[in-house]
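Enquirer: The structure under discussion is supplied below as structure tokens; questions concerning it will follow.
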Amino acid sequence: MQPTLQPIAPKADLIYGATGTRKTTNIGLAALYFWEKLRKRTRLVSADGGGWQPVQSLVDEGIIIPWQVSLHRFPLTAMQQSCQGYWPVDVNDPASQLKPLSKEQWEDTALLAYEGLTSEGDLMLQWFRRTGTRLSQDPSYSYNDGGGISWFGSNMSQYGEIQNRLYDFVMSTNRLPCDKALWTA
């Protein structure tokens with residue numbers, strides 16, 4: 001008899017809006033809700049260049065534990081692993097080893113917040129352009145001014161791959177043993 005696959009109950013939500021529409025503030029409100037209701041913390045994975053200043057008071061109080069994933073030595077790997085429950089040993093060390101959160105850390109974590117999908121996609125696209133990565137198509141252009149540095153354009157394969165990765169990131173967070181995953185874009 002074949003095992004029956006059980007559907008995954010979605011736990012990932014999205015806050016979508018233009019810059020300046022209080023997305024980070026809303027992460028703070030959700031963090032405060034879970035802190036007051038369950039006395040559990042929020043872990044904030046940020047690829048956003050704007051930082052987390054709107055929730056700095058909650059960071060200072062230890063309610064939100066932030067990590068600037070875009071500064072990690074291997075940011076694409078770090079983003080993927082963060083969606084699978086990994087966290088750096090030292091959030092302030094760009095070369096920090098990533099390890100799965102322990103049972104105790106999960107018991108203390110209600111919300112995993114990811115800021116944001118747009119920034120993560122931009123980070124991936126920058127990496128493709130910086131490295132001249134070729135998927136199924138050559139970059140749309142490349143040039144060098146003679147100084148030893150080359151620049152590369154993007155192509156449709158890269159955009160498609162980024163869309164696939166972002167989808168996988170969000171879907172992976174539905175399986176994490178926290179109460180809620182919250183994304184911004």
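Naming scheme: A, B, ... for chains in displayed order of the structure tokens; residues 1 onward per chain; ligands 1 onward as shown.
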Would you return as a ChimeraX atom specification the members of range 89-172 of chain A that DSSP assigns to helix (DSSP H, G or I) on this structure's backbone?
Expert: /A:103-107,117-131,156-172
Enquirer: Residues of the last selection are to be written out with N, CA, C and O atoms, as a tab-separated table (two decimals), in the first residue's frame.
Expert:
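File produced: selection25.tsv:
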chain	number	residue	atom	x	y	z
A	103	LYS	N	16.54	22.28	18.99
A	103	LYS	CA	15.17	22.11	19.49
A	103	LYS	C	14.80	23.26	20.42
A	103	LYS	O	13.70	23.82	20.35
A	104	GLU	N	15.72	23.66	21.27
A	104	GLU	CA	15.47	24.77	22.22
A	104	GLU	C	15.28	26.09	21.47
A	104	GLU	O	14.43	26.90	21.86
A	105	GLN	N	16.07	26.32	20.43
A	105	GLN	CA	15.91	27.55	19.65
A	105	GLN	C	14.56	27.57	18.94
A	105	GLN	O	13.91	28.62	18.87
A	106	TRP	N	14.12	26.43	18.40
A	106	TRP	CA	12.80	26.38	17.76
A	106	TRP	C	11.70	26.61	18.78
A	106	TRP	O	10.71	27.30	18.49
A	107	GLU	N	11.85	26.06	19.98
A	107	GLU	CA	10.83	26.25	21.01
A	107	GLU	C	10.71	27.72	21.43
A	107	GLU	O	9.68	28.14	21.92
A	117	LEU	N	11.71	39.27	-0.43
A	117	LEU	CA	11.78	38.53	-1.70
A	117	LEU	C	12.43	39.35	-2.81
A	117	LEU	O	13.25	38.85	-3.57
A	118	THR	N	12.07	40.60	-2.90
A	118	THR	CA	12.62	41.45	-3.95
A	118	THR	C	14.13	41.60	-3.77
A	118	THR	O	14.89	41.46	-4.73
A	119	SER	N	14.56	41.86	-2.55
A	119	SER	CA	16.00	42.03	-2.28
A	119	SER	C	16.76	40.74	-2.52
A	119	SER	O	17.89	40.77	-3.02
A	120	GLU	N	16.17	39.61	-2.18
A	120	GLU	CA	16.84	38.33	-2.42
A	120	GLU	C	16.98	38.07	-3.92
A	120	GLU	O	18.02	37.61	-4.38
A	121	GLY	N	15.93	38.37	-4.67
A	121	GLY	CA	16.01	38.22	-6.12
A	121	GLY	C	17.06	39.14	-6.72
A	121	GLY	O	17.84	38.74	-7.59
A	122	ASP	N	17.12	40.39	-6.24
A	122	ASP	CA	18.13	41.33	-6.73
A	122	ASP	C	19.53	40.85	-6.40
A	122	ASP	O	20.45	40.97	-7.23
A	123	LEU	N	19.71	40.29	-5.21
A	123	LEU	CA	21.02	39.77	-4.81
A	123	LEU	C	21.46	38.63	-5.72
A	123	LEU	O	22.62	38.56	-6.14
A	124	MET	N	20.53	37.75	-6.07
A	124	MET	CA	20.86	36.65	-6.98
A	124	MET	C	21.22	37.18	-8.36
A	124	MET	O	22.19	36.73	-8.98
A	125	LEU	N	20.44	38.14	-8.86
A	125	LEU	CA	20.71	38.70	-10.18
A	125	LEU	C	22.07	39.39	-10.20
A	125	LEU	O	22.84	39.25	-11.15
A	126	GLN	N	22.41	40.12	-9.14
A	126	GLN	CA	23.72	40.76	-9.05
A	126	GLN	C	24.84	39.72	-9.10
A	126	GLN	O	25.86	39.93	-9.74
A	127	TRP	N	24.62	38.60	-8.41
A	127	TRP	CA	25.63	37.54	-8.40
A	127	TRP	C	25.81	36.97	-9.81
A	127	TRP	O	26.93	36.78	-10.26
A	128	PHE	N	24.70	36.70	-10.52
A	128	PHE	CA	24.79	36.22	-11.89
A	128	PHE	C	25.59	37.19	-12.76
A	128	PHE	O	26.45	36.79	-13.54
A	129	ARG	N	25.30	38.48	-12.62
A	129	ARG	CA	25.98	39.48	-13.45
A	129	ARG	C	27.44	39.63	-13.05
A	129	ARG	O	28.31	39.82	-13.91
A	130	ARG	N	27.73	39.59	-11.77
A	130	ARG	CA	29.10	39.75	-11.30
A	130	ARG	C	29.98	38.59	-11.75
A	130	ARG	O	31.14	38.77	-12.12
A	131	THR	N	29.42	37.38	-11.73
A	131	THR	CA	30.21	36.19	-12.05
A	131	THR	C	30.13	35.81	-13.52
A	131	THR	O	30.89	34.96	-13.96
A	156	MET	N	17.16	35.82	-19.89
A	156	MET	CA	15.87	35.28	-19.43
A	156	MET	C	16.04	34.03	-18.58
A	156	MET	O	15.26	33.80	-17.66
A	157	SER	N	17.04	33.21	-18.86
A	157	SER	CA	17.27	32.01	-18.04
A	157	SER	C	17.56	32.39	-16.59
A	157	SER	O	17.13	31.72	-15.66
A	158	GLN	N	18.33	33.46	-16.41
A	158	GLN	CA	18.64	33.90	-15.05
A	158	GLN	C	17.38	34.36	-14.32
A	158	GLN	O	17.17	34.00	-13.16
A	159	TYR	N	16.53	35.11	-14.99
A	159	TYR	CA	15.29	35.55	-14.36
A	159	TYR	C	14.40	34.36	-14.00
A	159	TYR	O	13.81	34.31	-12.92
A	160	GLY	N	14.32	33.39	-14.90
A	160	GLY	CA	13.53	32.19	-14.62
A	160	GLY	C	14.08	31.42	-13.43
A	160	GLY	O	13.31	30.95	-12.58
A	161	GLU	N	15.38	31.29	-13.36
A	161	GLU	CA	16.00	30.59	-12.23
A	161	GLU	C	15.75	31.32	-10.92
A	161	GLU	O	15.44	30.70	-9.89
A	162	ILE	N	15.84	32.63	-10.94
A	162	ILE	CA	15.56	33.41	-9.72
A	162	ILE	C	14.12	33.20	-9.28
A	162	ILE	O	13.85	33.00	-8.09
A	163	GLN	N	13.18	33.23	-10.20
A	163	GLN	CA	11.78	32.99	-9.84
A	163	GLN	C	11.60	31.61	-9.23
A	163	GLN	O	10.88	31.44	-8.24
A	164	ASN	N	12.27	30.61	-9.78
A	164	ASN	CA	12.19	29.25	-9.21
A	164	ASN	C	12.76	29.20	-7.80
A	164	ASN	O	12.18	28.58	-6.91
A	165	ARG	N	13.91	29.83	-7.59
A	165	ARG	CA	14.54	29.80	-6.26
A	165	ARG	C	13.65	30.51	-5.23
A	165	ARG	O	13.47	30.03	-4.12
A	166	LEU	N	13.12	31.67	-5.59
A	166	LEU	CA	12.28	32.40	-4.64
A	166	LEU	C	11.04	31.60	-4.27
A	166	LEU	O	10.64	31.55	-3.10
A	167	TYR	N	10.45	30.94	-5.24
A	167	TYR	CA	9.30	30.07	-4.96
A	167	TYR	C	9.70	28.96	-3.99
A	167	TYR	O	9.01	28.69	-3.01
A	168	ASP	N	10.84	28.33	-4.26
A	168	ASP	CA	11.33	27.27	-3.37
A	168	ASP	C	11.59	27.79	-1.97
A	168	ASP	O	11.31	27.10	-0.98
A	169	PHE	N	12.14	29.00	-1.87
A	169	PHE	CA	12.40	29.58	-0.54
A	169	PHE	C	11.10	29.66	0.26
A	169	PHE	O	11.02	29.21	1.40
A	170	VAL	N	10.09	30.27	-0.32
A	170	VAL	CA	8.82	30.46	0.39
A	170	VAL	C	8.19	29.12	0.74
A	170	VAL	O	7.75	28.90	1.87
A	171	MET	N	8.16	28.20	-0.22
A	171	MET	CA	7.54	26.90	0.04
A	171	MET	C	8.28	26.13	1.14
A	171	MET	O	7.66	25.43	1.95
A	172	SER	N	9.60	26.26	1.20
A	172	SER	CA	10.38	25.59	2.24
A	172	SER	C	10.00	26.08	3.63
A	172	SER	O	10.01	25.30	4.59
Enquirer: Identify all residues of range 9-130 of chain A in strand (DSSP E) (DSSP on the backbone) and supply them as an NGL selection string.
Expert: :A and (12-15 or 41-46 or 64-68 or 86-88 or 98-100 or 109-115)
Enquirer: Looking at A:Lys11, A:Arg43, A:Lys37, A:Lys180, which one is nearest to Leu101 in chain A, with distances taken over only C-alpha atoms?
Expert: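 With only C-alpha atoms as the atom set, the closest residue is A:Arg43.
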Enquirer: For a quick check of understanding, using only C-alpha atoms, which of A:Ser96, A:Thr42, A:Thr133, A:Gln81 has the smallest distance to Cys178 in chain A?
Expert: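 Nearest candidate to Cys178 in chain A out of A:Ser96, A:Thr42, A:Thr133, A:Gln81: A:Thr42.
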Enquirer: Which value, in Å to one decimal, gives the distance between CA of Gly17 in chain A and CA of Leu111 in chain A?
Expert: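 According to the coordinates, CA of Gly17 in chain A and CA of Leu111 in chain A are separated by 20.1 Å.
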Enquirer: Grab the CA of Arg134 in chain A to CA of His72 in chain A distance for me, in Å with one decimal place.
Expert: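 Calculated distance between CA of Arg134 in chain A and CA of His72 in chain A is 23.0 Å.
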Enquirer: Leaving out Tyr33 in chain A and any residue of its chain fewer than 4 positions from it, which residues lie within 12 Å of it when counting only C-alpha atoms, given as number ranges by chain?
Expert: A: 26-29, 37-42, 58, 63-64, 110-111, 179-180
Enquirer: Residues near Lys99 in chain A, anyone? I mean within 7 Å using only C-alpha atoms, not counting same-chain ones fewer than 6 positions away, as number ranges by chain.
Expert: A: 86-89
Enquirer: My list of candidates is A:Thr173, A:Ser82, A:Thr25, A:Asn155. Which is closest to Val55 in chain A when distances are computed with only C-alpha atoms?
Expert: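 Closest to Val55 in chain A of all the choices is A:Thr25.
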Enquirer: Set the distance at 9 Å and use only C-alpha atoms: which residues neighbour Leu71 in chain A once local chain neighbours fewer than 5 positions away are removed? I'd like the list as a PyMOL selection string.
Expert: chain A and resi 47+93-95
Enquirer: For Gly49 in chain A, work out the shell of residues within 10 Å, counting only C-alpha atoms and skipping chain neighbours fewer than 3 positions away, then give it as a list of chain:residue names.
Expert: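 Returned residues: A:Ser46, A:Trp52, A:Gln68, A:Ser70, A:Glu115, A:Gly116, A:Ser119.
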Enquirer: For the atom pair CA of Lys23 in chain A and CA of Pro54 in chain A, what is the interatomic distance in Å to one decimal place?
Expert: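 Separation of CA of Lys23 in chain A and CA of Pro54 in chain A: 9.4 Å.
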Enquirer: Considering only C-alpha atoms, can you say which of A:Ala9, A:Leu44, A:Ala185, A:Leu112 comes closest to Val59 in chain A?
Expert: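 Comparing A:Ala9, A:Leu44, A:Ala185, A:Leu112 against Val59 in chain A, the winner is A:Leu44.
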